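Peer 1: Input: one structure, supplied below.
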Amino acid sequence: MRRGVNWSARAVAVLAGALLVGGFGLTGRALSQPQKEGAQLPPLIGDLLRGRTVVIDPGHGGYDPGARGMRSIEAKINLEVALKLRTWFQMAGARVLMTWSRPGEIPANRKYRVRQRMDWINAQGADLLIDIHCNSGASSYRGPQTFYWDGAASYHLASDVQDELRYFTSTRRDVKRIDQYVLRYAKMPAVNVEVGFITNSQEEHRLMTPAYQEDLTWYIFIGTERWLLKGRWPANLLESPPPTDLLVRD
Ligand SMILES: [Zn+2]
């Protein structure tokens, strides 16, 4: 069972984030005006991401299609998911760079060169890297899983993203340390989100569905926001409930 999201739920999450960031500027008027479909997110959420650079790397592309499902190829889904993830980060004020962003951008006759891609990623001075892939395995395997290689920052980023994905999909999968080229050589906090199993026909169908992609990327985005929040605030403050004087506004 996946949990759907709607715009009012998103607005609540954004406002809760804004409260945690400092509570400044948040008025009763803002709370009483839920966000309309397609509306901009409140600017406060951007406080965490404004001025930061996020690299999103849709895995594979060009010559390399990645894993194959019954009706889809991994590279295509990776790109569709990555583009939706980019939108959330852009709405929050981040500078988002992608290793590729159009279907034909990596020519079909050009081999996927992970080392070149990695050199480019490392030259961007990015604050974090999110790789997007689809998993493959036995047809019964399902659920997204977030991987990291080294460093507390990557581990915590992976954990926060996976916590959100566990909530969203009810998967029991947990973060996993894995030696992948991109994760090993990234010079910034880096995670690889395997968004689901392309080899599970039900999950493949979901992964091909734009509305599901949108929800999925929302939770990846929110997990990243949680990680950024923790980086800003002392742990003991995050573990205690929000101060009531910030929550009550007359
Ligand atoms: Zn892949």
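Order determines the names: the first chain of the structure tokens is A, the second B, and so forth; residues in each chain are numbered 1 upward, and ligands are numbered 1 upward as they are shown.
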For Asp150 of chain A, find every residue with an atom within 10 Å (counting only C-alpha atoms), except residues of its own chain fewer than 3 positions away, and show them as a PyMOL selection string.
Peer 2: chain A and resi 153-155+177-179+183-186+189-191
Peer 1: Could you report the residues within 8 Å of ligand 1, using only C-alpha atoms and all ligand atoms, as a VMD selection string?
Peer 2: chain A and resid 59 to 60 66 to 67 74 to 75 132 to 135 194
Peer 1: Write the residues of the selection above to a file with C-alpha atoms, as an mmCIF file, in the first residue's frame.
Peer 2:
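Contents of out-v7.cif, freshly written:
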```
data_model
loop_
_atom_site.group_PDB
_atom_site.id
_atom_site.type_symbol
_atom_site.label_atom_id
_atom_site.label_comp_id
_atom_site.auth_asym_id
_atom_site.auth_seq_id
_atom_site.Cartn_x
_atom_site.Cartn_y
_atom_site.Cartn_z
ATOM 1 C CA GLY A 59 21.426 6.546 -13.968
ATOM 2 C CA HIS A 60 22.409 5.128 -17.364
ATOM 3 C CA GLY A 66 20.136 -0.042 -17.528
ATOM 4 C CA ALA A 67 17.795 -2.766 -16.294
ATOM 5 C CA GLU A 74 15.384 1.778 -16.516
ATOM 6 C CA ALA A 75 17.078 4.813 -18.082
ATOM 7 C CA ILE A 132 18.375 7.798 -9.364
ATOM 8 C CA HIS A 133 18.166 4.161 -10.441
ATOM 9 C CA CYS A 134 15.656 1.330 -10.642
ATOM 10 C CA ASN A 135 16.467 -1.933 -8.952
ATOM 11 C CA GLU A 194 16.883 2.772 -6.180
#
```
Peer 1: So that I can check the surroundings of segment 116-129 of chain A, please list as a list in words every protein, DNA and RNA residue that reaches within 6 Å of it, counting only C-alpha atoms and ignoring chain neighbours fewer than 4 positions away.
Peer 2: Thr53, Val54, Val55, Ile56, Met188, Pro189 and Ala190 of chain A
Peer 1: List every residue of segment 28-246 of chain A that DSSP, applied to the backbone, labels as strand (DSSP E or B), and write the result as a PDB file with N, CA and C atoms, in the first residue's frame.
Peer 2:
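Contents of the output file part-v5.pdb:
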```
ATOM      1  N   THR A  53      23.615  23.847  -4.119  1.00  0.00           N
ATOM      2  CA  THR A  53      23.635  23.186  -5.427  1.00  0.00           C
ATOM      3  C   THR A  53      23.411  21.697  -5.248  1.00  0.00           C
ATOM      4  N   VAL A  54      22.421  21.206  -5.955  1.00  0.00           N
ATOM      5  CA  VAL A  54      22.086  19.780  -5.907  1.00  0.00           C
ATOM      6  C   VAL A  54      22.344  19.187  -7.291  1.00  0.00           C
ATOM      7  N   VAL A  55      23.110  18.115  -7.335  1.00  0.00           N
ATOM      8  CA  VAL A  55      23.265  17.399  -8.614  1.00  0.00           C
ATOM      9  C   VAL A  55      22.364  16.168  -8.584  1.00  0.00           C
ATOM     10  N   ILE A  56      21.543  16.023  -9.606  1.00  0.00           N
ATOM     11  CA  ILE A  56      20.718  14.824  -9.760  1.00  0.00           C
ATOM     12  C   ILE A  56      21.239  14.070 -10.992  1.00  0.00           C
ATOM     13  N   ASP A  57      21.534  12.819 -10.776  1.00  0.00           N
ATOM     14  CA  ASP A  57      22.098  11.991 -11.846  1.00  0.00           C
ATOM     15  C   ASP A  57      21.142  10.835 -12.159  1.00  0.00           C
ATOM     16  N   PRO A  58      20.366  10.969 -13.248  1.00  0.00           N
ATOM     17  CA  PRO A  58      19.538   9.822 -13.650  1.00  0.00           C
ATOM     18  C   PRO A  58      20.472   8.740 -14.202  1.00  0.00           C
ATOM     19  N   GLY A  61      21.520   5.802 -19.544  1.00  0.00           N
ATOM     20  CA  GLY A  61      21.262   6.742 -20.631  1.00  0.00           C
ATOM     21  C   GLY A  61      22.102   6.430 -21.848  1.00  0.00           C
ATOM     22  N   ASP A  64      23.463   2.878 -22.870  1.00  0.00           N
ATOM     23  CA  ASP A  64      23.222   1.989 -21.733  1.00  0.00           C
ATOM     24  C   ASP A  64      21.807   2.160 -21.194  1.00  0.00           C
ATOM     25  N   ARG A  68      16.038  -3.845 -17.521  1.00  0.00           N
ATOM     26  CA  ARG A  68      14.836  -3.886 -18.352  1.00  0.00           C
ATOM     27  C   ARG A  68      13.673  -4.490 -17.578  1.00  0.00           C
ATOM     28  N   ILE A  73      12.242   0.554 -19.861  1.00  0.00           N
ATOM     29  CA  ILE A  73      13.672   0.446 -19.581  1.00  0.00           C
ATOM     30  C   ILE A  73      14.017   1.412 -18.455  1.00  0.00           C
ATOM     31  N   ARG A  95      19.733  25.401  -6.623  1.00  0.00           N
ATOM     32  CA  ARG A  95      20.295  25.325  -7.972  1.00  0.00           C
ATOM     33  C   ARG A  95      20.463  23.853  -8.271  1.00  0.00           C
ATOM     34  N   VAL A  96      19.790  23.385  -9.319  1.00  0.00           N
ATOM     35  CA  VAL A  96      19.802  21.952  -9.609  1.00  0.00           C
ATOM     36  C   VAL A  96      20.510  21.698 -10.935  1.00  0.00           C
ATOM     37  N   LEU A  97      21.479  20.844 -10.902  1.00  0.00           N
ATOM     38  CA  LEU A  97      22.188  20.437 -12.112  1.00  0.00           C
ATOM     39  C   LEU A  97      21.908  18.969 -12.364  1.00  0.00           C
ATOM     40  N   MET A  98      21.749  18.636 -13.643  1.00  0.00           N
ATOM     41  CA  MET A  98      21.522  17.232 -13.986  1.00  0.00           C
ATOM     42  C   MET A  98      22.586  16.758 -14.956  1.00  0.00           C
ATOM     43  N   LEU A 128      25.243  18.323  -2.564  1.00  0.00           N
ATOM     44  CA  LEU A 128      24.860  16.924  -2.451  1.00  0.00           C
ATOM     45  C   LEU A 128      24.544  16.346  -3.823  1.00  0.00           C
ATOM     46  N   LEU A 129      24.636  15.025  -3.870  1.00  0.00           N
ATOM     47  CA  LEU A 129      24.388  14.295  -5.118  1.00  0.00           C
ATOM     48  C   LEU A 129      23.319  13.236  -4.872  1.00  0.00           C
ATOM     49  N   ILE A 130      22.329  13.226  -5.745  1.00  0.00           N
ATOM     50  CA  ILE A 130      21.315  12.172  -5.675  1.00  0.00           C
ATOM     51  C   ILE A 130      21.313  11.421  -6.998  1.00  0.00           C
ATOM     52  N   ASP A 131      21.682  10.156  -6.935  1.00  0.00           N
ATOM     53  CA  ASP A 131      21.616   9.292  -8.101  1.00  0.00           C
ATOM     54  C   ASP A 131      20.262   8.589  -8.103  1.00  0.00           C
ATOM     55  N   ILE A 132      19.674   8.468  -9.253  1.00  0.00           N
ATOM     56  CA  ILE A 132      18.375   7.798  -9.364  1.00  0.00           C
ATOM     57  C   ILE A 132      18.530   6.544 -10.237  1.00  0.00           C
ATOM     58  N   HIS A 133      18.137   5.426  -9.701  1.00  0.00           N
ATOM     59  CA  HIS A 133      18.166   4.161 -10.441  1.00  0.00           C
ATOM     60  C   HIS A 133      16.899   3.368 -10.136  1.00  0.00           C
ATOM     61  N   CYS A 134      16.655   2.346 -10.960  1.00  0.00           N
ATOM     62  CA  CYS A 134      15.656   1.330 -10.642  1.00  0.00           C
ATOM     63  C   CYS A 134      16.397   0.044 -10.305  1.00  0.00           C
ATOM     64  N   ASN A 135      15.868  -0.677  -9.373  1.00  0.00           N
ATOM     65  CA  ASN A 135      16.467  -1.933  -8.952  1.00  0.00           C
ATOM     66  C   ASN A 135      15.962  -3.069  -9.842  1.00  0.00           C
ATOM     67  N   GLN A 145      14.907   1.569  -2.157  1.00  0.00           N
ATOM     68  CA  GLN A 145      15.992   1.415  -1.182  1.00  0.00           C
ATOM     69  C   GLN A 145      17.076   2.440  -1.489  1.00  0.00           C
ATOM     70  N   THR A 146      17.610   3.035  -0.433  1.00  0.00           N
ATOM     71  CA  THR A 146      18.595   4.099  -0.592  1.00  0.00           C
ATOM     72  C   THR A 146      19.968   3.606  -0.154  1.00  0.00           C
ATOM     73  N   PHE A 147      20.959   3.830  -1.006  1.00  0.00           N
ATOM     74  CA  PHE A 147      22.314   3.342  -0.769  1.00  0.00           C
ATOM     75  C   PHE A 147      23.285   4.501  -0.532  1.00  0.00           C
ATOM     76  N   TYR A 148      24.317   4.220   0.231  1.00  0.00           N
ATOM     77  CA  TYR A 148      25.383   5.204   0.465  1.00  0.00           C
ATOM     78  C   TYR A 148      26.682   4.425   0.519  1.00  0.00           C
ATOM     79  N   LYS A 176      21.466   0.911   2.906  1.00  0.00           N
ATOM     80  CA  LYS A 176      22.501  -0.101   2.767  1.00  0.00           C
ATOM     81  C   LYS A 176      23.787   0.539   2.270  1.00  0.00           C
ATOM     82  N   ARG A 177      24.878   0.104   2.855  1.00  0.00           N
ATOM     83  CA  ARG A 177      26.186   0.597   2.397  1.00  0.00           C
ATOM     84  C   ARG A 177      26.616  -0.261   1.219  1.00  0.00           C
ATOM     85  N   ALA A 190      26.521  11.867  -0.841  1.00  0.00           N
ATOM     86  CA  ALA A 190      25.938  11.263  -2.041  1.00  0.00           C
ATOM     87  C   ALA A 190      25.117  10.042  -1.681  1.00  0.00           C
ATOM     88  N   VAL A 191      23.966   9.908  -2.328  1.00  0.00           N
ATOM     89  CA  VAL A 191      23.134   8.720  -2.151  1.00  0.00           C
ATOM     90  C   VAL A 191      22.668   8.229  -3.513  1.00  0.00           C
ATOM     91  N   ASN A 192      22.380   6.955  -3.564  1.00  0.00           N
ATOM     92  CA  ASN A 192      21.752   6.366  -4.742  1.00  0.00           C
ATOM     93  C   ASN A 192      20.386   5.847  -4.321  1.00  0.00           C
ATOM     94  N   VAL A 193      19.349   6.472  -4.861  1.00  0.00           N
ATOM     95  CA  VAL A 193      17.998   6.005  -4.560  1.00  0.00           C
ATOM     96  C   VAL A 193      17.561   5.033  -5.652  1.00  0.00           C
ATOM     97  N   GLU A 194      17.461   3.773  -5.279  1.00  0.00           N
ATOM     98  CA  GLU A 194      16.883   2.772  -6.180  1.00  0.00           C
ATOM     99  C   GLU A 194      15.380   2.867  -5.936  1.00  0.00           C
ATOM    100  N   VAL A 195      14.676   3.503  -6.864  1.00  0.00           N
ATOM    101  CA  VAL A 195      13.299   3.932  -6.581  1.00  0.00           C
ATOM    102  C   VAL A 195      12.291   2.789  -6.549  1.00  0.00           C
ATOM    103  N   GLY A 196      12.698   1.611  -6.970  1.00  0.00           N
ATOM    104  CA  GLY A 196      11.804   0.459  -6.936  1.00  0.00           C
ATOM    105  C   GLY A 196      12.317  -0.597  -7.907  1.00  0.00           C
ATOM    106  N   PHE A 197      11.641  -1.742  -7.924  1.00  0.00           N
ATOM    107  CA  PHE A 197      12.070  -2.856  -8.778  1.00  0.00           C
ATOM    108  C   PHE A 197      11.316  -2.834 -10.106  1.00  0.00           C
TER     109      PHE A 197
END
```
Peer 1: Please return, as number ranges by chain, all residues of segment 95-170 of chain A that DSSP assigns to alpha helix (DSSP H) on the basis of the backbone.
Peer 2: A: 114-122, 152-169
Peer 1: May I have the residues from that selection written out with N, CA and C atoms, as an mmCIF file, in the first residue's frame?
Peer 2:
```
data_model
loop_
_atom_site.group_PDB
_atom_site.id
_atom_site.type_symbol
_atom_site.label_atom_id
_atom_site.label_comp_id
_atom_site.auth_asym_id
_atom_site.auth_seq_id
_atom_site.Cartn_x
_atom_site.Cartn_y
_atom_site.Cartn_z
ATOM 1 N N VAL A 114 30.818 6.230 -16.921
ATOM 2 C CA VAL A 114 30.537 6.672 -15.560
ATOM 3 C C VAL A 114 31.668 7.541 -15.027
ATOM 4 N N ARG A 115 32.885 7.281 -15.480
ATOM 5 C CA ARG A 115 34.011 8.055 -14.956
ATOM 6 C C ARG A 115 33.943 9.513 -15.414
ATOM 7 N N GLN A 116 33.615 9.708 -16.684
ATOM 8 C CA GLN A 116 33.447 11.073 -17.204
ATOM 9 C C GLN A 116 32.335 11.796 -16.452
ATOM 10 N N ARG A 117 31.268 11.077 -16.237
ATOM 11 C CA ARG A 117 30.130 11.673 -15.542
ATOM 12 C C ARG A 117 30.536 12.091 -14.125
ATOM 13 N N MET A 118 31.310 11.235 -13.507
ATOM 14 C CA MET A 118 31.754 11.503 -12.130
ATOM 15 C C MET A 118 32.668 12.726 -12.081
ATOM 16 N N ASP A 119 33.569 12.833 -13.059
ATOM 17 C CA ASP A 119 34.466 13.996 -13.109
ATOM 18 C C ASP A 119 33.645 15.280 -13.231
ATOM 19 N N TRP A 120 32.630 15.230 -14.078
ATOM 20 C CA TRP A 120 31.784 16.407 -14.260
ATOM 21 C C TRP A 120 31.051 16.742 -12.951
ATOM 22 N N ILE A 121 30.503 15.731 -12.312
ATOM 23 C CA ILE A 121 29.761 15.958 -11.056
ATOM 24 C C ILE A 121 30.682 16.601 -10.020
ATOM 25 N N ASN A 122 31.885 16.071 -9.881
ATOM 26 C CA ASN A 122 32.797 16.580 -8.860
ATOM 27 C C ASN A 122 33.281 17.991 -9.153
ATOM 28 N N ALA A 152 29.512 10.106 7.469
ATOM 29 C CA ALA A 152 28.292 10.266 8.255
ATOM 30 C C ALA A 152 27.240 11.040 7.468
ATOM 31 N N ALA A 153 27.683 12.041 6.715
ATOM 32 C CA ALA A 153 26.711 12.887 6.002
ATOM 33 C C ALA A 153 25.907 12.048 5.004
ATOM 34 N N SER A 154 26.600 11.225 4.245
ATOM 35 C CA SER A 154 25.894 10.395 3.259
ATOM 36 C C SER A 154 24.989 9.387 3.953
ATOM 37 N N TYR A 155 25.489 8.819 5.044
ATOM 38 C CA TYR A 155 24.671 7.849 5.787
ATOM 39 C C TYR A 155 23.381 8.502 6.291
ATOM 40 N N HIS A 156 23.513 9.675 6.887
ATOM 41 C CA HIS A 156 22.316 10.323 7.439
ATOM 42 C C HIS A 156 21.366 10.785 6.339
ATOM 43 N N LEU A 157 21.934 11.272 5.242
ATOM 44 C CA LEU A 157 21.085 11.653 4.108
ATOM 45 C C LEU A 157 20.313 10.426 3.600
ATOM 46 N N ALA A 158 21.033 9.327 3.424
ATOM 47 C CA ALA A 158 20.382 8.095 2.962
ATOM 48 C C ALA A 158 19.290 7.659 3.936
ATOM 49 N N SER A 159 19.581 7.727 5.233
ATOM 50 C CA SER A 159 18.611 7.298 6.249
ATOM 51 C C SER A 159 17.353 8.154 6.227
ATOM 52 N N ASP A 160 17.534 9.460 6.111
ATOM 53 C CA ASP A 160 16.364 10.346 6.120
ATOM 54 C C ASP A 160 15.512 10.154 4.866
ATOM 55 N N VAL A 161 16.170 9.960 3.741
ATOM 56 C CA VAL A 161 15.416 9.703 2.509
ATOM 57 C C VAL A 161 14.687 8.356 2.615
ATOM 58 N N GLN A 162 15.399 7.340 3.110
ATOM 59 C CA GLN A 162 14.779 6.012 3.194
ATOM 60 C C GLN A 162 13.620 6.001 4.196
ATOM 61 N N ASP A 163 13.759 6.748 5.300
ATOM 62 C CA ASP A 163 12.651 6.835 6.265
ATOM 63 C C ASP A 163 11.382 7.326 5.572
ATOM 64 N N GLU A 164 11.530 8.336 4.730
ATOM 65 C CA GLU A 164 10.361 8.867 4.019
ATOM 66 C C GLU A 164 9.817 7.841 3.024
ATOM 67 N N LEU A 165 10.721 7.143 2.353
ATOM 68 C CA LEU A 165 10.274 6.151 1.368
ATOM 69 C C LEU A 165 9.626 4.947 2.046
ATOM 70 N N ARG A 166 10.091 4.631 3.239
ATOM 71 C CA ARG A 166 9.449 3.548 4.007
ATOM 72 C C ARG A 166 8.032 3.949 4.380
ATOM 73 N N TYR A 167 7.876 5.187 4.782
ATOM 74 C CA TYR A 167 6.546 5.698 5.118
ATOM 75 C C TYR A 167 5.646 5.673 3.883
ATOM 76 N N PHE A 168 6.191 6.104 2.766
ATOM 77 C CA PHE A 168 5.406 6.238 1.539
ATOM 78 C C PHE A 168 4.969 4.872 0.999
ATOM 79 N N THR A 169 5.868 3.896 0.994
ATOM 80 C CA THR A 169 5.572 2.622 0.329
ATOM 81 C C THR A 169 5.338 1.470 1.299
#
```
